[in-house]
Amino acid sequence: MRAVQFHEYGPASVLRIDEVPEPHAGPGEIRIVTRTSSVSAGEVRIRSGALRAALSAPFPFRTGFDAAGVVDEVGAGVSDVSVGDEVFGAAATDTRGANADVAVLAAWAPKPAAWTWEEAGGAAGPVETGYRVWDRLDVRPGRTVLVNGAAGGTGSVAVQLAAARGARVIGTASPGNHAFLRSLGVEPTTYGPGLVERVRALAPSGVDAVLDCAGGALPALVEIAGDPARVVTIADLGAADLGVHLSHTTSGLPGSPPDPEAVHGLAAAAELADRGPLRIPVAHAFPFTEVASAHALSETGHARGRIVLVH
């Protein structure tokens, strides 16, 4: 089968589509014929070598975490799906490999009828992250939350999950994305100098929880929250210096150990999508063979929503 790999760190051009042996579903896993898969900021940072000091990639490194497709193999102990079912889900965090013709998933849920294949292929990562972080921060009705980087692939899903819990959601983004955020039920503001004052003007009574999806603003976010325990970042590796929790599920990153994966969020999100209120914004869908272009777009940091590959 074809799979995206890189044999050395570097720019997007180091990515290759190689012929590799097909994987098979082990106990508690399923295998899908992949229809769509995603490219995430985390995958880009691994490929570039930005995380090499903390996370050494074994070469060749297989890319891809989220995917959607049709089940063609069911591992031992799995009883909730059958061959032929349409699902979305995630590969094992430390092995990945979802950017391939067939992919082994460690977590999955039925593909909602309301989602296109492009939406389903980019859903699992931000959904799991959103449930993991909002569970930790105890987001519930009556709370006010702030999402830094709210228009990106993870932020645009996380804001909807917070709103679905009954929270008031404020999100930072460039002015050109403010109408987009309003369409998701978010009160937008710009990032950068003056953020503390702008958020306080919107929420004079304070903010109960902050999710940082963009990095680079933790001192201001802690000041807004009033307590570093109310802030979680998925983007800033220096979080521990400010007492902020870096939430991740990958072995080897500095600071806190991996958090338990919120795999329950996949089925919960599928139910939300079937009722209509959960969208998976897609910034761009590239043909599988244009994976380098997909990585290059992710590196700009300006994609509105998820970046997916169509297989």
# chains A, B, ... in the order shown; residues from 1 in each chain; ligands from 1
>>> residues_around(residues="stretch 258-269 of chain A", least_positions_apart="6", cutoff="8 Å", atoms="only C-alpha atoms", output="list in words")
Gly89, Ala107, Trp108, Ala109, Pro110, Ala124, Val127, Glu128, Thr129, Tyr131, Arg132, Ser247, His248, Thr249, Thr250, Ser251 and Leu278 of chain A
>>> select_by_dssp(residues="stretch 98-244 of chain A", states="strand (DSSP E)", output="list in words")
Val102, Ala103, Val104, Leu105, Ala107, Trp108, Ala109, Pro110, Thr144, Val145, Leu146, Val147, Asn148, Arg168, Val169, Ile170, Gly171, Thr172, Glu187, Pro188, Thr189, Ala209, Val210, Leu211, Asp212, Val231, Val232 and Thr233 of chain A
>>> write_last_selection(atoms="N, CA, C and O atoms", output="compact mmCIF listing (two decimals), in the first residue's frame")
# COMPACT_ATOMS: atom_id res chain seq x y z
N VAL A 102 -4.53 2.15 3.74
CA VAL A 102 -5.28 1.52 4.83
C VAL A 102 -4.63 1.95 6.14
O VAL A 102 -3.43 2.20 6.20
N ALA A 103 -5.46 2.09 7.18
CA ALA A 103 -4.96 2.59 8.46
C ALA A 103 -5.55 1.79 9.60
O ALA A 103 -6.73 1.42 9.57
N VAL A 104 -4.73 1.53 10.60
CA VAL A 104 -5.18 0.86 11.81
C VAL A 104 -5.58 1.93 12.82
O VAL A 104 -4.79 2.84 13.12
N LEU A 105 -6.79 1.83 13.34
CA LEU A 105 -7.30 2.80 14.30
C LEU A 105 -7.36 2.18 15.69
O LEU A 105 -7.77 1.02 15.85
N ALA A 107 -8.92 4.10 18.16
CA ALA A 107 -10.16 4.66 18.70
C ALA A 107 -11.02 5.08 17.52
O ALA A 107 -10.50 5.55 16.50
N TRP A 108 -12.34 4.93 17.65
CA TRP A 108 -13.22 5.21 16.52
C TRP A 108 -14.65 5.41 17.00
O TRP A 108 -14.99 5.12 18.14
N ALA A 109 -15.47 5.90 16.07
CA ALA A 109 -16.91 6.04 16.29
C ALA A 109 -17.57 6.01 14.92
O ALA A 109 -16.91 6.24 13.90
N PRO A 110 -18.87 5.75 14.87
CA PRO A 110 -19.55 5.77 13.57
C PRO A 110 -19.46 7.14 12.91
O PRO A 110 -19.58 8.17 13.58
N THR A 144 -17.55 30.81 31.60
CA THR A 144 -17.05 31.59 30.47
C THR A 144 -15.65 31.09 30.13
O THR A 144 -14.79 30.99 31.02
N VAL A 145 -15.42 30.76 28.86
CA VAL A 145 -14.12 30.22 28.45
C VAL A 145 -13.53 31.10 27.35
O VAL A 145 -14.26 31.75 26.59
N LEU A 146 -12.22 31.08 27.29
CA LEU A 146 -11.47 31.78 26.25
C LEU A 146 -10.63 30.76 25.50
O LEU A 146 -9.94 29.94 26.11
N VAL A 147 -10.69 30.81 24.17
CA VAL A 147 -9.85 29.94 23.32
C VAL A 147 -8.93 30.83 22.51
O VAL A 147 -9.39 31.66 21.72
N ASN A 148 -7.64 30.66 22.71
CA ASN A 148 -6.63 31.41 21.95
C ASN A 148 -6.28 30.61 20.70
O ASN A 148 -5.80 29.48 20.80
N ARG A 168 -20.26 30.11 27.80
CA ARG A 168 -20.07 31.28 26.96
C ARG A 168 -18.64 31.22 26.43
O ARG A 168 -17.70 30.97 27.20
N VAL A 169 -18.45 31.44 25.12
CA VAL A 169 -17.14 31.24 24.50
C VAL A 169 -16.64 32.53 23.86
O VAL A 169 -17.32 33.13 23.03
N ILE A 170 -15.45 32.93 24.25
CA ILE A 170 -14.73 34.04 23.63
C ILE A 170 -13.53 33.42 22.90
O ILE A 170 -12.88 32.51 23.42
N GLY A 171 -13.25 33.91 21.70
CA GLY A 171 -12.14 33.33 20.94
C GLY A 171 -11.29 34.38 20.27
O GLY A 171 -11.80 35.40 19.80
N THR A 172 -9.98 34.15 20.23
CA THR A 172 -9.08 35.07 19.53
C THR A 172 -8.83 34.58 18.12
O THR A 172 -8.72 33.38 17.86
N GLU A 187 -17.79 34.72 20.58
CA GLU A 187 -17.57 36.17 20.62
C GLU A 187 -16.11 36.41 20.30
O GLU A 187 -15.22 36.04 21.09
N PRO A 188 -15.80 37.01 19.15
CA PRO A 188 -14.40 37.13 18.73
C PRO A 188 -13.70 38.36 19.28
O PRO A 188 -14.32 39.39 19.56
N THR A 189 -12.39 38.24 19.41
CA THR A 189 -11.52 39.37 19.67
C THR A 189 -10.19 39.08 18.99
O THR A 189 -9.92 37.94 18.60
N ALA A 209 -12.01 29.52 32.34
CA ALA A 209 -11.10 28.53 31.77
C ALA A 209 -10.53 29.06 30.46
O ALA A 209 -11.22 29.77 29.72
N VAL A 210 -9.28 28.70 30.17
CA VAL A 210 -8.61 29.15 28.95
C VAL A 210 -7.95 27.95 28.28
O VAL A 210 -7.23 27.19 28.92
N LEU A 211 -8.19 27.81 26.99
CA LEU A 211 -7.49 26.84 26.16
C LEU A 211 -6.63 27.59 25.16
O LEU A 211 -7.12 28.40 24.38
N ASP A 212 -5.33 27.31 25.20
CA ASP A 212 -4.37 27.94 24.29
C ASP A 212 -4.05 26.97 23.17
O ASP A 212 -3.37 25.96 23.39
N VAL A 231 -5.68 27.47 33.09
CA VAL A 231 -5.19 27.56 31.71
C VAL A 231 -4.59 26.22 31.30
O VAL A 231 -3.82 25.62 32.05
N VAL A 232 -4.94 25.76 30.11
CA VAL A 232 -4.32 24.58 29.51
C VAL A 232 -3.84 24.96 28.12
O VAL A 232 -4.57 25.63 27.37
N THR A 233 -2.63 24.57 27.79
CA THR A 233 -2.11 24.81 26.45
C THR A 233 -1.86 23.49 25.74
O THR A 233 -1.51 22.48 26.38
>>> residues_around(residues="stretch 217-223 of chain A", least_positions_apart="4", cutoff="8 Å", atoms="only C-alpha atoms", output="PDB file with all heavy atoms, in the first residue's frame")
ATOM      1  N   GLY A 192      -2.750  39.411  20.380  1.00  0.00           N
ATOM      2  CA  GLY A 192      -1.684  40.403  20.381  1.00  0.00           C
ATOM      3  C   GLY A 192      -1.787  41.384  21.528  1.00  0.00           C
ATOM      4  O   GLY A 192      -2.597  41.219  22.446  1.00  0.00           O
ATOM      5  N   LEU A 195      -4.560  42.227  24.670  1.00  0.00           N
ATOM      6  CA  LEU A 195      -5.520  41.127  24.789  1.00  0.00           C
ATOM      7  C   LEU A 195      -6.191  41.114  26.163  1.00  0.00           C
ATOM      8  O   LEU A 195      -7.404  40.897  26.265  1.00  0.00           O
ATOM      9  CB  LEU A 195      -4.818  39.789  24.532  1.00  0.00           C
ATOM     10  CG  LEU A 195      -5.694  38.540  24.690  1.00  0.00           C
ATOM     11  CD1 LEU A 195      -6.859  38.556  23.707  1.00  0.00           C
ATOM     12  CD2 LEU A 195      -4.852  37.274  24.516  1.00  0.00           C
ATOM     13  N   VAL A 196      -5.408  41.337  27.218  1.00  0.00           N
ATOM     14  CA  VAL A 196      -5.974  41.307  28.573  1.00  0.00           C
ATOM     15  C   VAL A 196      -7.109  42.314  28.695  1.00  0.00           C
ATOM     16  O   VAL A 196      -8.208  41.989  29.177  1.00  0.00           O
ATOM     17  CB  VAL A 196      -4.880  41.589  29.624  1.00  0.00           C
ATOM     18  CG1 VAL A 196      -5.509  41.702  31.011  1.00  0.00           C
ATOM     19  CG2 VAL A 196      -3.816  40.492  29.601  1.00  0.00           C
ATOM     20  N   VAL A 210      -9.283  28.702  30.173  1.00  0.00           N
ATOM     21  CA  VAL A 210      -8.613  29.148  28.947  1.00  0.00           C
ATOM     22  C   VAL A 210      -7.954  27.953  28.276  1.00  0.00           C
ATOM     23  O   VAL A 210      -7.231  27.185  28.923  1.00  0.00           O
ATOM     24  CB  VAL A 210      -7.538  30.214  29.248  1.00  0.00           C
ATOM     25  CG1 VAL A 210      -6.818  30.624  27.961  1.00  0.00           C
ATOM     26  CG2 VAL A 210      -8.151  31.433  29.923  1.00  0.00           C
ATOM     27  N   ASP A 212      -5.325  27.314  25.204  1.00  0.00           N
ATOM     28  CA  ASP A 212      -4.373  27.943  24.288  1.00  0.00           C
ATOM     29  C   ASP A 212      -4.048  26.970  23.167  1.00  0.00           C
ATOM     30  O   ASP A 212      -3.374  25.961  23.392  1.00  0.00           O
ATOM     31  CB  ASP A 212      -3.106  28.326  25.047  1.00  0.00           C
ATOM     32  CG  ASP A 212      -1.998  28.793  24.122  1.00  0.00           C
ATOM     33  OD1 ASP A 212      -2.312  29.437  23.091  1.00  0.00           O
ATOM     34  OD2 ASP A 212      -0.820  28.519  24.422  1.00  0.00           O
ATOM     35  N   ASP A 227      -5.330  32.564  37.410  1.00  0.00           N
ATOM     36  CA  ASP A 227      -4.752  31.378  38.057  1.00  0.00           C
ATOM     37  C   ASP A 227      -4.246  30.463  36.963  1.00  0.00           C
ATOM     38  O   ASP A 227      -5.021  30.086  36.069  1.00  0.00           O
ATOM     39  CB  ASP A 227      -5.828  30.674  38.887  1.00  0.00           C
ATOM     40  CG  ASP A 227      -5.300  29.473  39.667  1.00  0.00           C
ATOM     41  OD1 ASP A 227      -4.177  29.001  39.368  1.00  0.00           O
ATOM     42  OD2 ASP A 227      -6.028  28.986  40.556  1.00  0.00           O
ATOM     43  N   PRO A 228      -2.963  30.083  36.983  1.00  0.00           N
ATOM     44  CA  PRO A 228      -2.458  29.203  35.919  1.00  0.00           C
ATOM     45  C   PRO A 228      -3.159  27.857  35.863  1.00  0.00           C
ATOM     46  O   PRO A 228      -3.172  27.199  34.814  1.00  0.00           O
ATOM     47  CB  PRO A 228      -0.966  29.039  36.263  1.00  0.00           C
ATOM     48  CG  PRO A 228      -0.839  29.452  37.684  1.00  0.00           C
ATOM     49  CD  PRO A 228      -1.904  30.471  37.930  1.00  0.00           C
ATOM     50  N   ARG A 230      -6.172  27.408  35.722  1.00  0.00           N
ATOM     51  CA  ARG A 230      -7.340  27.553  34.853  1.00  0.00           C
ATOM     52  C   ARG A 230      -6.961  27.611  33.375  1.00  0.00           C
ATOM     53  O   ARG A 230      -7.830  27.822  32.527  1.00  0.00           O
ATOM     54  CB  ARG A 230      -8.112  28.828  35.217  1.00  0.00           C
ATOM     55  CG  ARG A 230      -8.761  28.806  36.588  1.00  0.00           C
ATOM     56  CD  ARG A 230      -9.506  30.105  36.812  1.00  0.00           C
ATOM     57  NE  ARG A 230     -10.161  30.140  38.112  1.00  0.00           N
ATOM     58  CZ  ARG A 230     -10.841  31.179  38.569  1.00  0.00           C
ATOM     59  NH1 ARG A 230     -10.949  32.276  37.829  1.00  0.00           N
ATOM     60  NH2 ARG A 230     -11.413  31.136  39.755  1.00  0.00           N
ATOM     61  N   VAL A 231      -5.677  27.470  33.087  1.00  0.00           N
ATOM     62  CA  VAL A 231      -5.190  27.563  31.710  1.00  0.00           C
ATOM     63  C   VAL A 231      -4.589  26.222  31.300  1.00  0.00           C
ATOM     64  O   VAL A 231      -3.820  25.621  32.050  1.00  0.00           O
ATOM     65  CB  VAL A 231      -4.125  28.674  31.565  1.00  0.00           C
ATOM     66  CG1 VAL A 231      -3.669  28.783  30.119  1.00  0.00           C
ATOM     67  CG2 VAL A 231      -4.662  29.995  32.076  1.00  0.00           C
ATOM     68  N   ASP A 236       2.289  25.327  23.677  1.00  0.00           N
ATOM     69  CA  ASP A 236       3.451  26.017  24.238  1.00  0.00           C
ATOM     70  C   ASP A 236       4.255  25.064  25.114  1.00  0.00           C
ATOM     71  O   ASP A 236       3.849  24.722  26.229  1.00  0.00           O
ATOM     72  CB  ASP A 236       2.990  27.231  25.051  1.00  0.00           C
ATOM     73  CG  ASP A 236       4.107  28.237  25.262  1.00  0.00           C
ATOM     74  OD1 ASP A 236       5.241  27.805  25.548  1.00  0.00           O
ATOM     75  OD2 ASP A 236       3.839  29.448  25.149  1.00  0.00           O
ATOM     76  N   ALA A 239       5.225  25.795  28.950  1.00  0.00           N
ATOM     77  CA  ALA A 239       4.105  26.038  29.856  1.00  0.00           C
ATOM     78  C   ALA A 239       4.466  25.853  31.323  1.00  0.00           C
ATOM     79  O   ALA A 239       4.001  26.598  32.191  1.00  0.00           O
ATOM     80  CB  ALA A 239       2.939  25.124  29.489  1.00  0.00           C
ATOM     81  N   LEU A 242       5.391  28.643  33.782  1.00  0.00           N
ATOM     82  CA  LEU A 242       4.346  29.531  34.303  1.00  0.00           C
ATOM     83  C   LEU A 242       3.313  28.771  35.128  1.00  0.00           C
ATOM     84  O   LEU A 242       2.296  29.345  35.517  1.00  0.00           O
ATOM     85  CB  LEU A 242       3.652  30.255  33.148  1.00  0.00           C
ATOM     86  CG  LEU A 242       4.500  31.272  32.373  1.00  0.00           C
ATOM     87  CD1 LEU A 242       3.733  31.789  31.167  1.00  0.00           C
ATOM     88  CD2 LEU A 242       4.886  32.428  33.281  1.00  0.00           C
TER      89      LEU A 242
END
>>> residues_around(residues="A:Val139", least_positions_apart="3", cutoff="8 Å", atoms="only C-alpha atoms", output="number ranges by chain")
A: 134-135, 143, 145, 162, 165, 167, 209
>>> residues_around(residues="stretch 153-160 of chain A", least_positions_apart="5", cutoff="6 Å", atoms="only C-alpha atoms", output="JSON, numbers by chain")
{"A": [126, 130, 305, 306]}
>>> decode(residues="stretch 136-151 of chain A", atoms="N, CA and C atoms", output="PDB file, in the first residue's frame")
ATOM      1  N   ARG A 136     -10.887  18.465  31.886  1.00  0.00           N
ATOM      2  CA  ARG A 136      -9.907  18.861  32.904  1.00  0.00           C
ATOM      3  C   ARG A 136     -10.282  20.203  33.536  1.00  0.00           C
ATOM      4  N   LEU A 137     -10.779  21.118  32.723  1.00  0.00           N
ATOM      5  CA  LEU A 137     -11.103  22.457  33.204  1.00  0.00           C
ATOM      6  C   LEU A 137     -12.536  22.569  33.726  1.00  0.00           C
ATOM      7  N   ASP A 138     -13.265  21.475  33.755  1.00  0.00           N
ATOM      8  CA  ASP A 138     -14.617  21.422  34.318  1.00  0.00           C
ATOM      9  C   ASP A 138     -15.528  22.468  33.687  1.00  0.00           C
ATOM     10  N   VAL A 139     -15.535  22.480  32.359  1.00  0.00           N
ATOM     11  CA  VAL A 139     -16.391  23.427  31.640  1.00  0.00           C
ATOM     12  C   VAL A 139     -17.820  22.911  31.633  1.00  0.00           C
ATOM     13  N   ARG A 140     -18.736  23.773  32.070  1.00  0.00           N
ATOM     14  CA  ARG A 140     -20.152  23.403  32.208  1.00  0.00           C
ATOM     15  C   ARG A 140     -21.013  24.644  32.072  1.00  0.00           C
ATOM     16  N   PRO A 141     -22.333  24.481  32.119  1.00  0.00           N
ATOM     17  CA  PRO A 141     -23.200  25.646  31.937  1.00  0.00           C
ATOM     18  C   PRO A 141     -22.878  26.771  32.915  1.00  0.00           C
ATOM     19  N   GLY A 142     -22.917  27.987  32.393  1.00  0.00           N
ATOM     20  CA  GLY A 142     -22.639  29.160  33.215  1.00  0.00           C
ATOM     21  C   GLY A 142     -21.196  29.597  33.236  1.00  0.00           C
ATOM     22  N   ARG A 143     -20.295  28.754  32.743  1.00  0.00           N
ATOM     23  CA  ARG A 143     -18.878  29.128  32.716  1.00  0.00           C
ATOM     24  C   ARG A 143     -18.574  29.985  31.479  1.00  0.00           C
ATOM     25  N   THR A 144     -17.547  30.814  31.597  1.00  0.00           N
ATOM     26  CA  THR A 144     -17.045  31.590  30.467  1.00  0.00           C
ATOM     27  C   THR A 144     -15.652  31.090  30.132  1.00  0.00           C
ATOM     28  N   VAL A 145     -15.421  30.756  28.861  1.00  0.00           N
ATOM     29  CA  VAL A 145     -14.119  30.223  28.447  1.00  0.00           C
ATOM     30  C   VAL A 145     -13.532  31.097  27.346  1.00  0.00           C
ATOM     31  N   LEU A 146     -12.216  31.076  27.288  1.00  0.00           N
ATOM     32  CA  LEU A 146     -11.467  31.780  26.249  1.00  0.00           C
ATOM     33  C   LEU A 146     -10.633  30.763  25.495  1.00  0.00           C
ATOM     34  N   VAL A 147     -10.687  30.812  24.167  1.00  0.00           N
ATOM     35  CA  VAL A 147      -9.855  29.943  23.322  1.00  0.00           C
ATOM     36  C   VAL A 147      -8.932  30.826  22.511  1.00  0.00           C
ATOM     37  N   ASN A 148      -7.637  30.665  22.712  1.00  0.00           N
ATOM     38  CA  ASN A 148      -6.630  31.406  21.954  1.00  0.00           C
ATOM     39  C   ASN A 148      -6.278  30.608  20.704  1.00  0.00           C
ATOM     40  N   GLY A 149      -6.518  31.201  19.540  1.00  0.00           N
ATOM     41  CA  GLY A 149      -6.355  30.458  18.289  1.00  0.00           C
ATOM     42  C   GLY A 149      -7.633  29.727  17.943  1.00  0.00           C
ATOM     43  N   ALA A 150      -8.756  30.442  18.019  1.00  0.00           N
ATOM     44  CA  ALA A 150     -10.063  29.788  17.925  1.00  0.00           C
ATOM     45  C   ALA A 150     -10.473  29.430  16.508  1.00  0.00           C
ATOM     46  N   ALA A 151      -9.823  29.969  15.492  1.00  0.00           N
ATOM     47  CA  ALA A 151     -10.231  29.692  14.116  1.00  0.00           C
ATOM     48  C   ALA A 151      -9.459  28.549  13.482  1.00  0.00           C
TER      49      ALA A 151
END
